[in-house]
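Trainee: Sharing entry_6.tsv below, TSV, C-alpha atoms:
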chain	number	residue	atom	x	y	z
A	1	MET	CA	-25.50	-19.38	21.75
A	2	PRO	CA	-22.11	-20.54	20.42
A	3	LYS	CA	-19.37	-20.95	23.02
A	4	GLU	CA	-16.74	-18.25	23.04
A	5	LYS	CA	-13.36	-19.47	21.84
A	6	SER	CA	-10.37	-19.38	24.17
A	7	PHE	CA	-7.02	-18.05	22.96
A	8	HIS	CA	-3.65	-17.44	24.48
A	9	HIS	CA	-2.86	-13.71	24.67
A	10	GLY	CA	-0.60	-13.60	21.59
A	11	ASP	CA	-2.77	-15.98	19.62
A	12	LEU	CA	-5.87	-13.82	20.00
A	13	LYS	CA	-4.09	-10.74	18.66
A	14	ARG	CA	-2.91	-12.71	15.63
A	15	VAL	CA	-6.38	-14.18	15.03
A	16	LEU	CA	-8.05	-10.78	15.34
A	17	PHE	CA	-5.62	-9.31	12.82
A	18	GLU	CA	-6.15	-12.18	10.37
A	19	LYS	CA	-9.94	-11.97	10.67
A	20	ALA	CA	-9.82	-8.20	10.17
A	21	LEU	CA	-7.75	-8.68	7.02
A	22	GLU	CA	-10.20	-11.27	5.72
A	23	LEU	CA	-13.09	-8.88	6.32
A	24	LEU	CA	-11.21	-6.06	4.62
A	25	ASP	CA	-10.55	-8.17	1.53
A	26	ARG	CA	-14.13	-9.44	1.40
A	27	ASP	CA	-16.23	-6.46	2.44
A	28	GLY	CA	-13.97	-3.42	2.21
A	29	VAL	CA	-13.09	-1.08	5.04
A	30	ASP	CA	-16.74	-0.56	6.04
A	31	GLY	CA	-16.92	-4.25	6.93
A	32	VAL	CA	-14.07	-4.02	9.44
A	33	THR	CA	-15.52	-3.20	12.84
A	34	ILE	CA	-14.51	-4.40	16.28
A	35	ARG	CA	-17.79	-6.28	16.64
A	36	ALA	CA	-17.46	-7.94	13.23
A	37	VAL	CA	-13.88	-9.00	13.90
A	38	ALA	CA	-14.78	-10.36	17.33
A	39	ARG	CA	-17.70	-12.28	15.83
A	40	GLU	CA	-15.46	-13.81	13.14
A	41	ALA	CA	-12.91	-14.77	15.80
A	42	GLY	CA	-15.61	-16.30	18.00
A	43	VAL	CA	-14.99	-14.06	21.01
A	44	SER	CA	-17.00	-11.42	22.86
A	45	HIS	CA	-17.09	-7.94	21.36
A	46	GLY	CA	-15.13	-6.69	24.37
A	47	ALA	CA	-12.23	-9.12	23.92
A	48	PRO	CA	-10.31	-7.19	21.23
A	49	VAL	CA	-9.84	-4.12	23.45
A	50	ASN	CA	-6.82	-5.73	25.11
A	51	HIS	CA	-5.04	-5.71	21.75
A	52	TYR	CA	-6.70	-2.96	19.71
A	53	ARG	CA	-8.21	-0.17	21.80
A	54	ASP	CA	-10.62	0.86	19.04
A	55	ARG	CA	-11.40	0.52	15.34
A	56	LYS	CA	-8.86	3.15	14.32
A	57	ALA	CA	-6.07	1.27	16.10
A	58	LEU	CA	-7.04	-1.94	14.32
A	59	LEU	CA	-7.21	-0.27	10.89
A	60	THR	CA	-3.89	1.46	11.56
A	61	ALA	CA	-2.26	-1.88	12.30
A	62	LEU	CA	-3.68	-3.27	9.05
A	63	ALA	CA	-2.35	-0.28	7.10
A	64	GLN	CA	1.07	-0.58	8.68
A	65	ARG	CA	1.38	-4.21	7.59
A	66	GLN	CA	0.40	-3.35	4.01
A	67	PHE	CA	3.03	-0.62	3.78
A	68	GLU	CA	5.55	-3.15	5.09
A	69	THR	CA	4.51	-5.51	2.29
A	70	ILE	CA	5.02	-2.76	-0.30
A	71	LEU	CA	8.39	-1.83	1.22
A	72	ASN	CA	9.56	-5.45	1.09
A	73	SER	CA	8.45	-5.71	-2.53
A	74	VAL	CA	10.37	-2.55	-3.41
A	75	GLU	CA	13.52	-3.68	-1.62
A	76	ASP	CA	13.40	-7.12	-3.24
A	77	GLY	CA	12.81	-5.50	-6.63
A	78	LEU	CA	15.73	-3.11	-6.28
A	79	THR	CA	18.02	-5.95	-5.21
A	80	ALA	CA	17.05	-8.05	-8.22
A	81	ALA	CA	16.92	-5.20	-10.74
A	82	PRO	CA	19.58	-5.06	-13.46
A	83	GLY	CA	21.90	-2.09	-13.50
A	84	GLY	CA	20.63	1.11	-15.03
A	85	SER	CA	19.11	4.32	-13.80
A	86	ASN	CA	15.60	3.43	-14.97
A	87	ALA	CA	15.25	0.54	-12.53
A	88	TRP	CA	13.52	2.53	-9.78
A	89	ILE	CA	10.63	3.50	-12.08
A	90	GLU	CA	9.85	-0.10	-12.92
A	91	VAL	CA	10.37	-1.37	-9.37
A	92	PHE	CA	8.27	1.21	-7.55
A	93	GLY	CA	5.63	1.34	-10.26
A	94	LYS	CA	5.14	-2.42	-10.33
A	95	ALA	CA	5.18	-2.70	-6.53
A	96	LEU	CA	2.32	-0.22	-6.20
A	97	LEU	CA	0.33	-1.30	-9.24
A	98	GLU	CA	0.53	-5.02	-8.55
A	99	PHE	CA	-0.38	-4.53	-4.90
A	100	GLY	CA	-3.31	-2.27	-5.77
A	101	PHE	CA	-4.74	-4.57	-8.41
A	102	LYS	CA	-4.33	-7.68	-6.23
A	103	TYR	CA	-5.62	-6.14	-3.01
A	104	PRO	CA	-7.90	-3.21	-3.95
A	105	HIS	CA	-9.50	-2.82	-0.51
A	106	ARG	CA	-6.13	-2.92	1.23
A	107	TYR	CA	-4.77	-0.31	-1.14
A	108	LYS	CA	-7.72	2.01	-0.58
A	109	LEU	CA	-7.27	1.75	3.19
A	110	LEU	CA	-3.74	3.14	2.95
A	111	TRP	CA	-5.05	6.57	1.97
A	112	ARG	CA	-7.91	6.83	4.45
A	113	GLY	CA	-6.49	9.46	6.75
A	114	ASP	CA	-9.93	9.76	8.31
A	115	LEU	CA	-9.81	6.14	9.47
A	116	ILE	CA	-6.17	5.43	10.28
A	117	ASP	CA	-3.83	7.23	12.69
A	118	LEU	CA	-1.22	8.87	10.48
A	119	LYS	CA	0.66	9.99	13.62
A	120	ASP	CA	1.11	6.44	14.85
A	121	PRO	CA	4.91	6.00	15.15
A	122	ASP	CA	5.04	2.51	13.65
A	123	LEU	CA	2.87	3.46	10.69
A	124	SER	CA	4.72	6.74	10.15
A	125	LYS	CA	8.06	4.93	10.21
A	126	VAL	CA	7.23	2.48	7.44
A	127	MET	CA	5.49	5.13	5.34
A	128	ASP	CA	8.62	7.28	5.61
A	129	GLN	CA	10.79	4.30	4.68
A	130	VAL	CA	8.87	3.74	1.45
A	131	TYR	CA	8.95	7.42	0.53
A	132	LEU	CA	12.62	7.94	1.43
A	133	GLN	CA	13.57	4.83	-0.52
A	134	LEU	CA	11.86	6.36	-3.56
A	135	CYS	CA	13.56	9.72	-3.03
A	136	GLY	CA	16.95	8.06	-2.59
A	137	GLN	CA	16.61	6.22	-5.87
A	138	ILE	CA	15.59	9.44	-7.62
A	139	GLU	CA	18.66	11.24	-6.29
A	140	LEU	CA	20.93	8.46	-7.54
A	141	ALA	CA	19.35	8.34	-10.97
A	142	MET	CA	18.69	12.03	-11.55
A	143	PRO	CA	21.46	14.16	-9.97
A	144	GLN	CA	21.19	16.90	-12.64
A	145	VAL	CA	17.41	17.35	-12.58
A	146	GLU	CA	16.14	20.95	-12.36
A	147	PHE	CA	13.54	20.08	-9.72
A	148	ASP	CA	14.03	18.74	-6.22
A	149	ARG	CA	13.62	15.05	-5.49
A	150	ASP	CA	10.28	15.57	-3.76
A	151	THR	CA	8.72	17.16	-6.83
A	152	VAL	CA	9.80	14.19	-8.95
A	153	ALA	CA	8.64	11.71	-6.28
A	154	VAL	CA	5.24	13.41	-5.95
A	155	ALA	CA	4.80	13.53	-9.73
A	156	PHE	CA	5.62	9.84	-10.08
A	157	TRP	CA	3.51	8.69	-7.12
A	158	SER	CA	0.60	10.89	-8.19
A	159	MET	CA	0.64	9.34	-11.65
A	160	ILE	CA	0.60	5.80	-10.26
A	161	HIS	CA	-1.96	6.54	-7.57
A	162	GLY	CA	-4.23	8.48	-9.92
A	163	TYR	CA	-4.29	5.66	-12.45
A	164	LEU	CA	-4.86	3.04	-9.76
A	165	ASP	CA	-7.65	5.05	-8.14
A	166	MET	CA	-9.43	5.49	-11.47
A	167	ARG	CA	-9.05	1.80	-12.30
A	168	LEU	CA	-10.27	0.64	-8.92
A	169	SER	CA	-13.25	3.00	-9.07
A	170	GLY	CA	-14.20	1.68	-12.51
A	171	MET	CA	-13.60	5.01	-14.27
A	172	PHE	CA	-10.73	3.55	-16.32
A	173	VAL	CA	-10.75	0.12	-17.94
A	174	PRO	CA	-7.63	-1.99	-18.64
A	175	LEU	CA	-6.90	-1.06	-22.25
A	176	ASP	CA	-3.62	-1.21	-24.17
A	177	ASP	CA	-1.64	1.71	-25.56
A	178	LYS	CA	-2.56	1.88	-29.26
A	179	VAL	CA	0.94	2.82	-30.40
A	180	THR	CA	3.14	0.48	-28.39
A	181	GLY	CA	0.62	-2.28	-27.76
A	182	ARG	CA	1.66	-2.29	-24.11
A	183	PRO	CA	-0.89	-2.47	-21.29
A	184	ARG	CA	-1.76	1.05	-20.16
A	185	ASP	CA	-0.13	0.69	-16.74
A	186	ALA	CA	3.13	-0.52	-18.28
A	187	ALA	CA	2.97	2.24	-20.91
A	188	LEU	CA	2.69	4.85	-18.16
A	189	LEU	CA	5.95	3.63	-16.66
A	190	ASP	CA	7.57	3.70	-20.11
A	191	LEU	CA	6.35	7.28	-20.56
A	192	PHE	CA	7.86	8.36	-17.27
A	193	LYS	CA	11.17	6.79	-18.26
A	194	MET	CA	11.15	8.88	-21.43
A	195	LEU	CA	10.35	12.10	-19.57
A	196	ALA	CA	12.80	11.67	-16.72
A	197	PRO	CA	16.19	13.35	-17.32
A	198	LEU	CA	18.29	10.42	-16.18
A	199	ASN	CA	21.92	10.17	-15.19
A	200	ARG	CA	23.63	8.54	-18.15
A	201	SER	CA	27.20	8.81	-16.95
Write out the structure in this file as structure tokens.

Mentor:
Amino acid sequence: MPKEKSFHHGDLKRVLFEKALELLDRDGVDGVTIRAVAREAGVSHGAPVNHYRDRKALLTALAQRQFETILNSVEDGLTAAPGGSNAWIEVFGKALLEFGFKYPHRYKLLWRGDLIDLKDPDLSKVMDQVYLQLCGQIELAMPQVEFDRDTVAVAFWSMIHGYLDMRLSGMFVPLDDKVTGRPRDAALLDLFKMLAPLNRS
């Protein structure tokens, strides 16, 4: 029987998180269990309880970190974006699309309300930050719109999420728009720019 590895308190939590993320990327959310993570870390199946009380707590921590990654990408994109009221569409769209295509299993985890604790304060905080950042950009760009900011935000996010979900499930394939020649995901963002009644003052 292999000898159980010894970690300092903080090191074990970091290792457990990293192993859980590796399992998520490799096997999807079904592959992330407390026993599997403990096995990958080389510790007893009871060792993780000091850091993650159960599977839901572990998956919630994973989801929180992914939302933080998306938030950082959005903030960096907005900082680097050229002036113009269309910038938020490109920044948010690319942040979500690029993350989803690069890390499909991580992206799918974000919407598993049956597996993660949506009431967890740390997770809720970062989710709210992403959403409020989107709403704030909409308010700046579209002050005259005849719908509230949440309707526009939901419409935009639903379009991105719907396309991503269909791509990741294999229902859509990565084709180009036949008129513009642009990749379909980029063409969707262009379409939203055309439909959005932007502030042009």

Trainee: For a cutoff of 12 Å around the file-coordinate point (12.5, 9.9, -8.5), which residues qualify once you count only C-alpha atoms? I'd like the result as a PDB file with C-alpha atoms, in the frame of the given file.

Mentor:
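Done, and the output landed in point26.pdb:
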ATOM      1  CA  SER A  85      19.110   4.320 -13.800  1.00  0.00           C
ATOM      2  CA  ASN A  86      15.600   3.430 -14.970  1.00  0.00           C
ATOM      3  CA  ALA A  87      15.250   0.540 -12.530  1.00  0.00           C
ATOM      4  CA  TRP A  88      13.520   2.530  -9.780  1.00  0.00           C
ATOM      5  CA  ILE A  89      10.630   3.500 -12.080  1.00  0.00           C
ATOM      6  CA  GLU A  90       9.850  -0.100 -12.920  1.00  0.00           C
ATOM      7  CA  VAL A  91      10.370  -1.370  -9.370  1.00  0.00           C
ATOM      8  CA  PHE A  92       8.270   1.210  -7.550  1.00  0.00           C
ATOM      9  CA  GLY A  93       5.630   1.340 -10.260  1.00  0.00           C
ATOM     10  CA  TYR A 131       8.950   7.420   0.530  1.00  0.00           C
ATOM     11  CA  LEU A 132      12.620   7.940   1.430  1.00  0.00           C
ATOM     12  CA  GLN A 133      13.570   4.830  -0.520  1.00  0.00           C
ATOM     13  CA  LEU A 134      11.860   6.360  -3.560  1.00  0.00           C
ATOM     14  CA  CYS A 135      13.560   9.720  -3.030  1.00  0.00           C
ATOM     15  CA  GLY A 136      16.950   8.060  -2.590  1.00  0.00           C
ATOM     16  CA  GLN A 137      16.610   6.220  -5.870  1.00  0.00           C
ATOM     17  CA  ILE A 138      15.590   9.440  -7.620  1.00  0.00           C
ATOM     18  CA  GLU A 139      18.660  11.240  -6.290  1.00  0.00           C
ATOM     19  CA  LEU A 140      20.930   8.460  -7.540  1.00  0.00           C
ATOM     20  CA  ALA A 141      19.350   8.340 -10.970  1.00  0.00           C
ATOM     21  CA  MET A 142      18.690  12.030 -11.550  1.00  0.00           C
ATOM     22  CA  PRO A 143      21.460  14.160  -9.970  1.00  0.00           C
ATOM     23  CA  GLN A 144      21.190  16.900 -12.640  1.00  0.00           C
ATOM     24  CA  VAL A 145      17.410  17.350 -12.580  1.00  0.00           C
ATOM     25  CA  PHE A 147      13.540  20.080  -9.720  1.00  0.00           C
ATOM     26  CA  ASP A 148      14.030  18.740  -6.220  1.00  0.00           C
ATOM     27  CA  ARG A 149      13.620  15.050  -5.490  1.00  0.00           C
ATOM     28  CA  ASP A 150      10.280  15.570  -3.760  1.00  0.00           C
ATOM     29  CA  THR A 151       8.720  17.160  -6.830  1.00  0.00           C
ATOM     30  CA  VAL A 152       9.800  14.190  -8.950  1.00  0.00           C
ATOM     31  CA  ALA A 153       8.640  11.710  -6.280  1.00  0.00           C
ATOM     32  CA  VAL A 154       5.240  13.410  -5.950  1.00  0.00           C
ATOM     33  CA  ALA A 155       4.800  13.530  -9.730  1.00  0.00           C
ATOM     34  CA  PHE A 156       5.620   9.840 -10.080  1.00  0.00           C
ATOM     35  CA  TRP A 157       3.510   8.690  -7.120  1.00  0.00           C
ATOM     36  CA  SER A 158       0.600  10.890  -8.190  1.00  0.00           C
ATOM     37  CA  PHE A 192       7.860   8.360 -17.270  1.00  0.00           C
ATOM     38  CA  LYS A 193      11.170   6.790 -18.260  1.00  0.00           C
ATOM     39  CA  LEU A 195      10.350  12.100 -19.570  1.00  0.00           C
ATOM     40  CA  ALA A 196      12.800  11.670 -16.720  1.00  0.00           C
ATOM     41  CA  PRO A 197      16.190  13.350 -17.320  1.00  0.00           C
ATOM     42  CA  LEU A 198      18.290  10.420 -16.180  1.00  0.00           C
ATOM     43  CA  ASN A 199      21.920  10.170 -15.190  1.00  0.00           C
TER      44      ASN A 199
END

Trainee: Using only C-alpha atoms, find all polymer residues with an atom at most 10 Å away from the point (-0.5, -0.7, 11.9); report them as a compact mmCIF listing (two decimals) with C-alpha atoms, in the frame of the given file.

Mentor:
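Output file part-v7.txt follows:
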# COMPACT_ATOMS: atom_id res chain seq x y z
CA LYS A 56 -8.86 3.15 14.32
CA ALA A 57 -6.07 1.27 16.10
CA LEU A 58 -7.04 -1.94 14.32
CA LEU A 59 -7.21 -0.27 10.89
CA THR A 60 -3.89 1.46 11.56
CA ALA A 61 -2.26 -1.88 12.30
CA LEU A 62 -3.68 -3.27 9.05
CA ALA A 63 -2.35 -0.28 7.10
CA GLN A 64 1.07 -0.58 8.68
CA ARG A 65 1.38 -4.21 7.59
CA GLN A 66 0.40 -3.35 4.01
CA PHE A 67 3.03 -0.62 3.78
CA GLU A 68 5.55 -3.15 5.09
CA ILE A 116 -6.17 5.43 10.28
CA ASP A 117 -3.83 7.23 12.69
CA LEU A 118 -1.22 8.87 10.48
CA ASP A 120 1.11 6.44 14.85
CA PRO A 121 4.91 6.00 15.15
CA ASP A 122 5.04 2.51 13.65
CA LEU A 123 2.87 3.46 10.69
CA SER A 124 4.72 6.74 10.15
CA VAL A 126 7.23 2.48 7.44

Trainee: From the set A:Val49, A:Arg55, A:Met159, A:Leu189, which residue has the shortest atom-to-atom contact distance to Leu115 in chain A, counting only C-alpha atoms?

Mentor: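 With only C-alpha atoms as the atom set, the closest residue is A:Arg55.
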
Trainee: I'd like to know which of A:Glu22, A:Asp165, A:Glu146, A:Asp54 is closest to Leu96 in chain A, using all atoms listed in the file.

Mentor: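 Closest residue, counting all atoms listed in the file: A:Asp165.
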
Trainee: Step by step, gather every atom of range 140-148 of chain A that the file lists, find the box along x, y and z that holds them, add 5 Å on each side, and finally give centre and edge lengths in Å to one decimal, as AutoDock Vina command-line options.

Mentor:
--center_x 17.5 --center_y 14.6 --center_z -9.4 --size_x 17.9 --size_y 22.6 --size_z 16.4

Trainee: Can you tell me how far CA of Leu110 in chain A sits from CA of Val32 in chain A, in Å to one decimal?

Mentor: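 Rounded to one decimal, the two atoms are 14.1 Å apart.
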
Trainee: Can you pull out every residue within 12 Å of range 171-184 of chain A, counting all atoms listed in the file, but drop anything in the same chain fewer than 6 positions away, and send it as number ranges by chain?

Mentor: A: 97, 101, 160, 162-165, 190-191

Trainee: I need range 42-104 of chain A from the structure I supplied, saved as a PDB file, in the first residue's frame with C-alpha atoms retained.

Mentor:
ATOM      1  CA  GLY A  42      -1.906  10.658  -2.028  1.00  0.00           C
ATOM      2  CA  VAL A  43      -3.778  11.111   1.255  1.00  0.00           C
ATOM      3  CA  SER A  44      -6.528   9.213   3.069  1.00  0.00           C
ATOM      4  CA  HIS A  45     -10.097   9.808   1.932  1.00  0.00           C
ATOM      5  CA  GLY A  46     -10.797  11.440   5.303  1.00  0.00           C
ATOM      6  CA  ALA A  47      -8.018  14.031   5.008  1.00  0.00           C
ATOM      7  CA  PRO A  48      -9.858  16.568   2.813  1.00  0.00           C
ATOM      8  CA  VAL A  49     -12.638  17.099   5.380  1.00  0.00           C
ATOM      9  CA  ASN A  50     -10.472  19.595   7.265  1.00  0.00           C
ATOM     10  CA  HIS A  51     -10.511  21.848   4.194  1.00  0.00           C
ATOM     11  CA  TYR A  52     -13.635  20.886   2.237  1.00  0.00           C
ATOM     12  CA  ARG A  53     -16.433  19.464   4.379  1.00  0.00           C
ATOM     13  CA  ASP A  54     -18.026  17.644   1.431  1.00  0.00           C
ATOM     14  CA  ARG A  55     -18.101  17.388  -2.356  1.00  0.00           C
ATOM     15  CA  LYS A  56     -20.413  20.380  -2.745  1.00  0.00           C
ATOM     16  CA  ALA A  57     -18.011  22.595  -0.795  1.00  0.00           C
ATOM     17  CA  LEU A  58     -15.133  21.498  -3.014  1.00  0.00           C
ATOM     18  CA  LEU A  59     -17.082  22.062  -6.243  1.00  0.00           C
ATOM     19  CA  THR A  60     -18.254  25.437  -4.950  1.00  0.00           C
ATOM     20  CA  ALA A  61     -14.664  26.490  -4.340  1.00  0.00           C
ATOM     21  CA  LEU A  62     -13.769  25.400  -7.879  1.00  0.00           C
ATOM     22  CA  ALA A  63     -16.678  27.386  -9.320  1.00  0.00           C
ATOM     23  CA  GLN A  64     -15.757  30.468  -7.324  1.00  0.00           C
ATOM     24  CA  ARG A  65     -12.223  30.453  -8.726  1.00  0.00           C
ATOM     25  CA  GLN A  66     -13.510  30.147 -12.292  1.00  0.00           C
ATOM     26  CA  PHE A  67     -15.838  33.110 -11.881  1.00  0.00           C
ATOM     27  CA  GLU A  68     -12.867  35.057 -10.511  1.00  0.00           C
ATOM     28  CA  THR A  69     -10.924  34.148 -13.650  1.00  0.00           C
ATOM     29  CA  ILE A  70     -13.774  35.391 -15.849  1.00  0.00           C
ATOM     30  CA  LEU A  71     -14.081  38.593 -13.799  1.00  0.00           C
ATOM     31  CA  ASN A  72     -10.350  39.277 -14.135  1.00  0.00           C
ATOM     32  CA  SER A  73     -10.555  38.701 -17.877  1.00  0.00           C
ATOM     33  CA  VAL A  74     -13.465  41.129 -18.157  1.00  0.00           C
ATOM     34  CA  GLU A  75     -11.745  43.802 -16.079  1.00  0.00           C
ATOM     35  CA  ASP A  76      -8.507  43.476 -18.048  1.00  0.00           C
ATOM     36  CA  GLY A  77     -10.461  43.618 -21.302  1.00  0.00           C
ATOM     37  CA  LEU A  78     -12.367  46.741 -20.307  1.00  0.00           C
ATOM     38  CA  THR A  79      -9.153  48.448 -19.232  1.00  0.00           C
ATOM     39  CA  ALA A  80      -7.462  47.676 -22.542  1.00  0.00           C
ATOM     40  CA  ALA A  81     -10.499  48.293 -24.753  1.00  0.00           C
ATOM     41  CA  PRO A  82     -10.482  51.330 -27.055  1.00  0.00           C
ATOM     42  CA  GLY A  83     -13.073  54.003 -26.471  1.00  0.00           C
ATOM     43  CA  GLY A  84     -16.539  53.410 -27.832  1.00  0.00           C
ATOM     44  CA  SER A  85     -19.826  52.159 -26.493  1.00  0.00           C
ATOM     45  CA  ASN A  86     -19.549  48.776 -28.220  1.00  0.00           C
ATOM     46  CA  ALA A  87     -16.548  47.688 -26.165  1.00  0.00           C
ATOM     47  CA  TRP A  88     -18.541  45.836 -23.489  1.00  0.00           C
ATOM     48  CA  ILE A  89     -20.103  43.483 -26.047  1.00  0.00           C
ATOM     49  CA  GLU A  90     -16.736  42.372 -27.349  1.00  0.00           C
ATOM     50  CA  VAL A  91     -15.115  42.178 -23.914  1.00  0.00           C
ATOM     51  CA  PHE A  92     -17.816  40.186 -22.146  1.00  0.00           C
ATOM     52  CA  GLY A  93     -18.543  38.022 -25.160  1.00  0.00           C
ATOM     53  CA  LYS A  94     -14.921  37.061 -25.684  1.00  0.00           C
ATOM     54  CA  ALA A  95     -14.321  36.489 -21.964  1.00  0.00           C
ATOM     55  CA  LEU A  96     -17.158  33.969 -21.770  1.00  0.00           C
ATOM     56  CA  LEU A  97     -16.632  32.335 -25.151  1.00  0.00           C
ATOM     57  CA  GLU A  98     -12.875  31.932 -24.825  1.00  0.00           C
ATOM     58  CA  PHE A  99     -13.194  30.556 -21.300  1.00  0.00           C
ATOM     59  CA  GLY A 100     -15.916  28.111 -22.327  1.00  0.00           C
ATOM     60  CA  PHE A 101     -14.067  26.807 -25.362  1.00  0.00           C
ATOM     61  CA  LYS A 102     -10.763  26.473 -23.476  1.00  0.00           C
ATOM     62  CA  TYR A 103     -12.211  24.926 -20.321  1.00  0.00           C
ATOM     63  CA  PRO A 104     -15.501  23.224 -21.258  1.00  0.00           C
TER      64      PRO A 104
END
